[in-house]
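See below for the structure under consideration.
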Amino acid sequence: METKEKNAYILGTDREELWRLGYQHQVWSSEARKGWEIAGFTHGQTILDLGCGPGFCSQELGYIVGNQGKVIAVDKSESYIKYLDDLAKFHGLNIETQCCDFNDMELEPNSLDGAYCRWALAWIPNPEEIITKVIQALKPGARFVTQEYYDWSTLQSHPTFPNLKESIFQALTSFQDGPGDINIGKRMADIFTKNGMSIHHSRPMNKMGKSNDLVWHWPKTFFRIYFPKVVEMGKLDKEIAQKAMEEFELLEKSDGATIFTPSMIEVIGEKGR
């Protein structure tokens, strides 16, 4: 895995971030599978994994569709696509990768039985255009499962600590200053209906962590990697970021401490028959 690359994510694509993404997938994998089940993803289908990253979802989808089906996995990170290609070869999965920007992905009209994306649309400047492109590639009756942030500002702890609170706020500010819409989940139903899709299903996806469970370490791994990057951007004082991590250690030792993670929403659109 390369330490740096031209198309690196906002958190990078080095080994530490690869591990964090793997951990993150363990926290959210049951939610992904529930969405696929609701959408009816099954053996023999062709499914798009939009913004596949290193392919943790692509691999699971590859087993679901089997060798008579196919997963089309699209991501701009060369190192992650290579990782997924090696993974697919090792497991004997029928995964076709495209290493490109979403604007440049090649999808045949009416060729997809389904599509899935998680945290892919929040980071791009033209999500409606990309969603339209995916919808055009869906077969009539096919479903598009999206899992995106609804309100990132709900990331907070109890008890609260001033430097941790400030660091979380500046992380959010860094997202808001970027090209995308971090809370695009709020708009997904509107975007689907404007494109002639019906809403097959929607549900909130909220999680709260305690210091002894799996969810707790999801924001912890994010803070460790991203706070220094916010410092590099000039949005956060280095001393505040360091104190924030010290406060997190105190939080972890506090009786009854909790972390409520950013609120998410799943919206599943269905293309007209």
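Just so we're on the same page: first chain in the structure tokens is A, next is B, and so on; residues restart at 1 for each chain, and ligands are numbered from 1 in the order they show up.
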Item to complete: Please identify all polymer residues within 12 Å of Met233 of chain A, counting only C-alpha atoms, omitting same-chain residues fewer than 3 positions from it, and present them as JSON, numbers by chain.
Response: {"A": [10, 170, 171, 173, 174, 175, 177, 178, 226, 227, 228, 229, 230, 236, 237, 238]}
Item to complete: Name all residues at most 8 Å from segment 113-128 of chain A (count only C-alpha atoms; drop same-chain ones fewer than 6 positions away) and give them as number ranges by chain.
Response: A: 39, 41, 45-52, 134, 138-139, 142-149, 178-184, 191
Atoms kept (C-alpha atoms) for selection, written as a short mmCIF file (atom, residue, chain, number, x, y, z; two decimals), in the first residue's frame:
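Result went into part-v6.cif, see below:
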data_model
loop_
_atom_site.label_atom_id
_atom_site.label_comp_id
_atom_site.auth_asym_id
_atom_site.auth_seq_id
_atom_site.Cartn_x
_atom_site.Cartn_y
_atom_site.Cartn_z
CA ALA A 39 -33.03 -4.14 -2.01
CA PHE A 41 -29.48 -8.15 -4.10
CA GLN A 45 -26.93 -10.08 -10.52
CA THR A 46 -24.64 -7.30 -11.70
CA ILE A 47 -24.12 -4.80 -8.86
CA LEU A 48 -22.25 -1.49 -8.87
CA ASP A 49 -20.17 -0.63 -5.79
CA LEU A 50 -19.71 3.13 -6.19
CA GLY A 51 -16.70 4.43 -4.25
CA CYS A 52 -15.56 0.92 -3.33
CA VAL A 134 -25.93 5.51 -12.29
CA LEU A 138 -29.90 0.59 -13.92
CA LYS A 139 -32.33 -1.89 -15.42
CA ALA A 142 -33.37 -2.16 -10.21
CA ARG A 143 -32.61 -0.56 -6.85
CA PHE A 144 -29.94 1.90 -5.74
CA VAL A 145 -28.93 1.63 -2.06
CA THR A 146 -27.35 4.76 -0.58
CA GLN A 147 -26.02 5.12 2.96
CA GLU A 148 -24.85 8.67 3.65
CA TYR A 149 -24.55 11.16 6.49
CA GLY A 178 -14.75 21.14 0.78
CA PRO A 179 -16.40 20.59 -2.61
CA GLY A 180 -19.09 18.20 -1.38
CA ASP A 181 -22.11 18.15 0.92
CA ILE A 182 -21.25 16.15 4.03
CA ASN A 183 -24.97 15.84 4.90
CA ILE A 184 -26.14 14.81 1.45
CA ILE A 191 -32.63 13.60 -5.84
#
Worksheet entry | A:Pro159, A:Gly62, A:Gly53, A:Gly196 ranked by distance to Tyr80 of chain A, top pick (using only C-alpha atoms) |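 Of the candidates, the smallest distance to Tyr80 of chain A is held by A:Gly53.
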Worksheet entry | Two-atom distance - atom CA of Ile240 of chain A, atom CA of Asn163 of chain A (Å) | 5.6 Å
Give me every helix (DSSP H, G or I) residue in segment 49-253 of chain A, going by DSSP on the backbone, as a short mmCIF file (atom, residue, chain, number, x, y, z; two decimals) with N, CA and C atoms, in the first residue's frame.
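Here's the written file result_31.cif:
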data_model
loop_
_atom_site.label_atom_id
_atom_site.label_comp_id
_atom_site.auth_asym_id
_atom_site.auth_seq_id
_atom_site.Cartn_x
_atom_site.Cartn_y
_atom_site.Cartn_z
N PHE A 56 -14.03 -3.72 0.82
CA PHE A 56 -14.61 -4.56 1.86
C PHE A 56 -16.06 -4.94 1.52
N CYS A 57 -16.82 -4.00 0.99
CA CYS A 57 -18.19 -4.31 0.56
C CYS A 57 -18.18 -5.07 -0.76
N SER A 58 -17.27 -4.72 -1.64
CA SER A 58 -17.19 -5.41 -2.94
C SER A 58 -16.97 -6.91 -2.75
N GLN A 59 -16.13 -7.26 -1.80
CA GLN A 59 -15.86 -8.67 -1.54
C GLN A 59 -17.13 -9.38 -1.09
N GLU A 60 -17.86 -8.79 -0.16
CA GLU A 60 -19.09 -9.42 0.31
C GLU A 60 -20.12 -9.51 -0.81
N LEU A 61 -20.23 -8.45 -1.60
CA LEU A 61 -21.15 -8.48 -2.74
C LEU A 61 -20.73 -9.52 -3.75
N GLY A 62 -19.41 -9.72 -3.91
CA GLY A 62 -18.92 -10.73 -4.83
C GLY A 62 -19.37 -12.13 -4.47
N TYR A 63 -19.42 -12.43 -3.18
CA TYR A 63 -19.92 -13.73 -2.75
C TYR A 63 -21.44 -13.81 -2.94
N ILE A 64 -22.14 -12.70 -2.75
CA ILE A 64 -23.60 -12.70 -2.90
C ILE A 64 -24.00 -12.96 -4.35
N VAL A 65 -23.36 -12.29 -5.31
CA VAL A 65 -23.76 -12.45 -6.72
C VAL A 65 -23.17 -13.71 -7.33
N GLU A 78 -5.67 4.42 -6.88
CA GLU A 78 -4.94 3.34 -7.54
C GLU A 78 -4.52 2.26 -6.56
N SER A 79 -4.07 2.66 -5.38
CA SER A 79 -3.59 1.67 -4.42
C SER A 79 -4.75 0.81 -3.90
N TYR A 80 -5.92 1.42 -3.68
CA TYR A 80 -7.06 0.64 -3.21
C TYR A 80 -7.59 -0.29 -4.29
N ILE A 81 -7.61 0.18 -5.52
CA ILE A 81 -8.07 -0.69 -6.61
C ILE A 81 -7.11 -1.87 -6.79
N LYS A 82 -5.82 -1.64 -6.68
CA LYS A 82 -4.87 -2.76 -6.77
C LYS A 82 -5.09 -3.74 -5.62
N TYR A 83 -5.32 -3.20 -4.44
CA TYR A 83 -5.59 -4.06 -3.28
C TYR A 83 -6.81 -4.94 -3.55
N LEU A 84 -7.88 -4.32 -4.11
CA LEU A 84 -9.10 -5.07 -4.39
C LEU A 84 -8.89 -6.09 -5.51
N ASP A 85 -8.14 -5.72 -6.54
CA ASP A 85 -7.85 -6.68 -7.61
C ASP A 85 -7.16 -7.92 -7.07
N ASP A 86 -6.18 -7.70 -6.19
CA ASP A 86 -5.47 -8.84 -5.59
C ASP A 86 -6.40 -9.66 -4.71
N LEU A 87 -7.27 -8.98 -3.97
CA LEU A 87 -8.22 -9.65 -3.10
C LEU A 87 -9.19 -10.51 -3.91
N ALA A 88 -9.72 -9.94 -5.00
CA ALA A 88 -10.67 -10.67 -5.84
C ALA A 88 -10.02 -11.90 -6.47
N LYS A 89 -8.77 -11.75 -6.91
CA LYS A 89 -8.05 -12.88 -7.50
C LYS A 89 -7.83 -13.97 -6.48
N PHE A 90 -7.45 -13.59 -5.28
CA PHE A 90 -7.19 -14.57 -4.21
C PHE A 90 -8.46 -15.35 -3.86
N HIS A 91 -9.59 -14.66 -3.80
CA HIS A 91 -10.85 -15.31 -3.40
C HIS A 91 -11.64 -15.86 -4.59
N PHE A 102 -15.55 9.35 -10.71
CA PHE A 102 -16.92 8.95 -11.06
C PHE A 102 -17.36 9.55 -12.39
N ASN A 103 -16.86 10.72 -12.73
CA ASN A 103 -17.22 11.35 -14.00
C ASN A 103 -16.77 10.52 -15.19
N ASP A 104 -15.73 9.73 -15.00
CA ASP A 104 -15.14 8.98 -16.11
C ASP A 104 -15.52 7.50 -16.11
N LEU A 121 -20.94 9.84 -1.96
CA LEU A 121 -21.53 11.00 -2.62
C LEU A 121 -21.28 12.30 -1.86
N ALA A 122 -20.90 12.19 -0.59
CA ALA A 122 -20.71 13.38 0.26
C ALA A 122 -19.47 14.17 -0.09
N TRP A 123 -18.56 13.58 -0.87
CA TRP A 123 -17.25 14.20 -1.07
C TRP A 123 -17.08 14.79 -2.46
N PRO A 127 -22.93 15.47 -7.11
CA PRO A 127 -23.58 14.20 -6.80
C PRO A 127 -24.82 13.94 -7.65
N GLU A 128 -25.60 14.96 -7.97
CA GLU A 128 -26.82 14.74 -8.75
C GLU A 128 -26.48 14.23 -10.14
N GLU A 129 -25.43 14.76 -10.72
CA GLU A 129 -25.00 14.31 -12.05
C GLU A 129 -24.56 12.85 -12.02
N ILE A 130 -23.81 12.48 -10.98
CA ILE A 130 -23.34 11.10 -10.86
C ILE A 130 -24.50 10.15 -10.59
N ILE A 131 -25.44 10.56 -9.74
CA ILE A 131 -26.60 9.72 -9.46
C ILE A 131 -27.41 9.49 -10.74
N THR A 132 -27.59 10.53 -11.53
CA THR A 132 -28.29 10.39 -12.81
C THR A 132 -27.58 9.39 -13.71
N LYS A 133 -26.25 9.45 -13.74
CA LYS A 133 -25.45 8.53 -14.55
C LYS A 133 -25.67 7.09 -14.11
N VAL A 134 -25.70 6.87 -12.80
CA VAL A 134 -25.93 5.51 -12.29
C VAL A 134 -27.34 5.05 -12.62
N ILE A 135 -28.33 5.91 -12.43
CA ILE A 135 -29.72 5.54 -12.71
C ILE A 135 -29.90 5.13 -14.17
N GLN A 136 -29.24 5.82 -15.07
CA GLN A 136 -29.32 5.46 -16.49
C GLN A 136 -28.78 4.06 -16.76
N ALA A 137 -27.85 3.63 -15.90
CA ALA A 137 -27.27 2.29 -16.08
C ALA A 137 -28.09 1.20 -15.41
N TRP A 152 -23.80 15.22 10.35
CA TRP A 152 -22.50 14.87 10.93
C TRP A 152 -22.28 15.53 12.28
N SER A 153 -23.00 16.63 12.53
CA SER A 153 -22.78 17.39 13.78
C SER A 153 -23.26 16.65 15.01
N THR A 154 -23.97 15.53 14.84
CA THR A 154 -24.40 14.76 16.01
C THR A 154 -23.26 13.98 16.65
N PRO A 162 -13.74 20.37 26.42
CA PRO A 162 -13.67 21.54 25.52
C PRO A 162 -12.78 21.36 24.30
N ASN A 163 -11.61 20.78 24.47
CA ASN A 163 -10.69 20.65 23.33
C ASN A 163 -11.16 19.57 22.35
N LEU A 164 -11.74 18.51 22.88
CA LEU A 164 -12.30 17.47 22.02
C LEU A 164 -13.49 18.03 21.23
N LYS A 165 -14.33 18.78 21.89
CA LYS A 165 -15.49 19.39 21.23
C LYS A 165 -15.04 20.33 20.13
N GLU A 166 -14.03 21.14 20.40
CA GLU A 166 -13.52 22.09 19.40
C GLU A 166 -12.89 21.36 18.22
N SER A 167 -12.17 20.31 18.49
CA SER A 167 -11.51 19.56 17.41
C SER A 167 -12.54 18.90 16.51
N ILE A 168 -13.60 18.34 17.10
CA ILE A 168 -14.68 17.74 16.31
C ILE A 168 -15.35 18.81 15.44
N PHE A 169 -15.59 19.98 16.03
CA PHE A 169 -16.22 21.07 15.29
C PHE A 169 -15.37 21.50 14.10
N GLN A 170 -14.06 21.62 14.29
CA GLN A 170 -13.19 22.05 13.20
C GLN A 170 -13.06 20.96 12.13
N ALA A 171 -13.16 19.70 12.53
CA ALA A 171 -13.19 18.62 11.53
C ALA A 171 -14.41 18.78 10.63
N LEU A 172 -15.56 19.04 11.25
CA LEU A 172 -16.77 19.28 10.48
C LEU A 172 -16.62 20.49 9.57
N THR A 173 -16.04 21.55 10.09
CA THR A 173 -15.83 22.76 9.28
C THR A 173 -14.96 22.46 8.06
N SER A 174 -13.97 21.59 8.23
CA SER A 174 -13.10 21.24 7.10
C SER A 174 -13.89 20.52 6.01
N PHE A 175 -14.86 19.70 6.41
CA PHE A 175 -15.71 19.04 5.43
C PHE A 175 -16.62 20.05 4.72
N GLN A 176 -17.18 20.96 5.50
CA GLN A 176 -18.10 21.95 4.94
C GLN A 176 -17.40 22.89 3.97
N ILE A 184 -25.35 15.04 2.65
CA ILE A 184 -26.14 14.81 1.45
C ILE A 184 -27.27 13.80 1.67
N GLY A 185 -27.16 12.99 2.72
CA GLY A 185 -28.22 12.02 3.00
C GLY A 185 -29.59 12.66 3.12
N LYS A 186 -29.63 13.90 3.59
CA LYS A 186 -30.90 14.61 3.73
C LYS A 186 -31.58 14.81 2.38
N ARG A 187 -30.79 14.89 1.31
CA ARG A 187 -31.32 15.23 -0.01
C ARG A 187 -31.52 14.03 -0.92
N MET A 188 -31.14 12.84 -0.46
CA MET A 188 -31.15 11.70 -1.36
C MET A 188 -32.54 11.38 -1.89
N ALA A 189 -33.55 11.41 -1.06
CA ALA A 189 -34.91 11.09 -1.52
C ALA A 189 -35.35 12.08 -2.59
N ASP A 190 -35.05 13.36 -2.40
CA ASP A 190 -35.42 14.39 -3.38
C ASP A 190 -34.70 14.16 -4.70
N ILE A 191 -33.41 13.83 -4.62
CA ILE A 191 -32.63 13.60 -5.84
C ILE A 191 -33.18 12.40 -6.60
N PHE A 192 -33.51 11.34 -5.88
CA PHE A 192 -34.07 10.16 -6.53
C PHE A 192 -35.39 10.48 -7.23
N THR A 193 -36.29 11.13 -6.53
CA THR A 193 -37.61 11.40 -7.11
C THR A 193 -37.50 12.35 -8.30
N LYS A 194 -36.58 13.30 -8.26
CA LYS A 194 -36.37 14.20 -9.40
C LYS A 194 -35.89 13.44 -10.63
N HIS A 217 -14.59 2.60 19.21
CA HIS A 217 -13.28 2.75 18.59
C HIS A 217 -13.36 3.26 17.15
N TRP A 218 -14.56 3.34 16.58
CA TRP A 218 -14.69 3.92 15.25
C TRP A 218 -14.33 5.41 15.26
N PRO A 219 -14.99 6.25 16.07
CA PRO A 219 -14.55 7.65 16.12
C PRO A 219 -13.13 7.81 16.68
N LYS A 220 -12.74 6.93 17.58
CA LYS A 220 -11.39 7.03 18.15
C LYS A 220 -10.33 6.92 17.06
N THR A 221 -10.48 5.95 16.16
CA THR A 221 -9.50 5.79 15.08
C THR A 221 -9.56 6.97 14.11
N PHE A 222 -10.76 7.52 13.91
CA PHE A 222 -10.90 8.70 13.05
C PHE A 222 -10.19 9.90 13.66
N PHE A 223 -10.39 10.15 14.95
CA PHE A 223 -9.74 11.29 15.61
C PHE A 223 -8.23 11.20 15.49
N ARG A 224 -7.68 10.02 15.70
CA ARG A 224 -6.24 9.84 15.70
C ARG A 224 -5.62 10.19 14.35
N ILE A 225 -6.33 9.86 13.27
CA ILE A 225 -5.80 10.13 11.94
C ILE A 225 -6.15 11.53 11.45
N TYR A 226 -7.38 11.98 11.73
CA TYR A 226 -7.83 13.20 11.05
C TYR A 226 -7.52 14.49 11.79
N PHE A 227 -7.49 14.49 13.11
CA PHE A 227 -7.17 15.74 13.82
C PHE A 227 -5.82 16.33 13.36
N PRO A 228 -4.76 15.52 13.22
CA PRO A 228 -3.50 16.10 12.72
C PRO A 228 -3.64 16.70 11.31
N LYS A 229 -4.51 16.14 10.50
CA LYS A 229 -4.72 16.69 9.16
C LYS A 229 -5.43 18.04 9.22
N VAL A 230 -6.35 18.18 10.18
CA VAL A 230 -7.04 19.46 10.36
C VAL A 230 -6.03 20.51 10.84
N VAL A 231 -5.07 20.09 11.65
CA VAL A 231 -3.99 20.98 12.07
C VAL A 231 -3.19 21.43 10.86
N GLU A 232 -2.84 20.50 9.98
CA GLU A 232 -2.08 20.82 8.77
C GLU A 232 -2.83 21.81 7.88
N LYS A 238 -2.39 22.97 17.03
CA LYS A 238 -1.77 21.67 17.34
C LYS A 238 -1.94 21.30 18.80
N GLU A 239 -1.81 22.28 19.68
CA GLU A 239 -1.94 22.02 21.12
C GLU A 239 -3.36 21.59 21.47
N ILE A 240 -4.34 22.21 20.83
CA ILE A 240 -5.74 21.84 21.07
C ILE A 240 -5.98 20.40 20.61
N ALA A 241 -5.43 20.05 19.45
CA ALA A 241 -5.59 18.69 18.93
C ALA A 241 -4.96 17.67 19.87
N GLN A 242 -3.78 17.99 20.40
CA GLN A 242 -3.12 17.08 21.34
C GLN A 242 -3.91 16.94 22.63
N LYS A 243 -4.42 18.07 23.12
CA LYS A 243 -5.23 18.02 24.34
C LYS A 243 -6.53 17.27 24.10
N ALA A 244 -7.06 17.36 22.89
CA ALA A 244 -8.29 16.64 22.56
C ALA A 244 -8.10 15.13 22.71
N MET A 245 -6.96 14.62 22.26
CA MET A 245 -6.71 13.19 22.39
C MET A 245 -6.45 12.80 23.84
N GLU A 246 -5.84 13.70 24.61
CA GLU A 246 -5.68 13.44 26.04
C GLU A 246 -7.05 13.40 26.73
N GLU A 247 -7.93 14.31 26.32
CA GLU A 247 -9.28 14.32 26.88
C GLU A 247 -10.05 13.07 26.49
N PHE A 248 -9.78 12.58 25.29
CA PHE A 248 -10.46 11.35 24.87
C PHE A 248 -10.05 10.19 25.76
N GLU A 249 -8.80 10.15 26.16
CA GLU A 249 -8.36 9.10 27.08
C GLU A 249 -9.08 9.22 28.43
N LEU A 250 -9.29 10.45 28.88
CA LEU A 250 -10.05 10.66 30.12
C LEU A 250 -11.50 10.24 29.93
N LEU A 251 -12.05 10.57 28.77
CA LEU A 251 -13.43 10.18 28.46
C LEU A 251 -13.58 8.68 28.50
N GLU A 252 -12.60 7.98 27.95
CA GLU A 252 -12.65 6.53 27.88
C GLU A 252 -12.65 5.90 29.28
#
Worksheet item: At what distance in Å, to one decimal, does atom CA of Ser30 of chain A lie from atom CA of Lys76 of chain A?
Response: 25.4 Å
Practice prompt. Quick one: pick out all strand (DSSP E) residues within segment 33-241 of chain A from a backbone DSSP run and write them as an MDAnalysis selection string.
Written response: chainID A and resid 46:50 70:75 95:99 112:118 138:151 156:158 198:205 208:210
Worksheet entry | d(atom CA of Lys70 of chain A, atom CA of Asn94 of chain A) in Å |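 We find that atom CA of Lys70 of chain A and atom CA of Asn94 of chain A lie 5.3 Å from each other.
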Worksheet item: Using only C-alpha atoms, which of the listed residues (A:Pro262, A:Gly256, A:Gly40, A:Gly269) sits closest to His158 of chain A?
Response: A:Gly256
Practice prompt. Tell me which protein, DNA and RNA residues are within 7 Å of Glu96 of chain A, counting only C-alpha atoms, leaving out same-chain ones fewer than 6 positions away, and put them as a VMD selection string.
Written response: chain A and resid 71 to 73
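Distances from A:Leu93, A:Leu214, A:Met208, A:Ile199 to Gln68 of chain A were compared using only C-alpha atoms, and the smallest one belongs to A:Leu93.
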Response to the item:
Restricting to only C-alpha atoms, whichever of A:His200, A:Lys235, A:Lys210, A:Lys253 is closest to Ile38 of chain A is A:His200
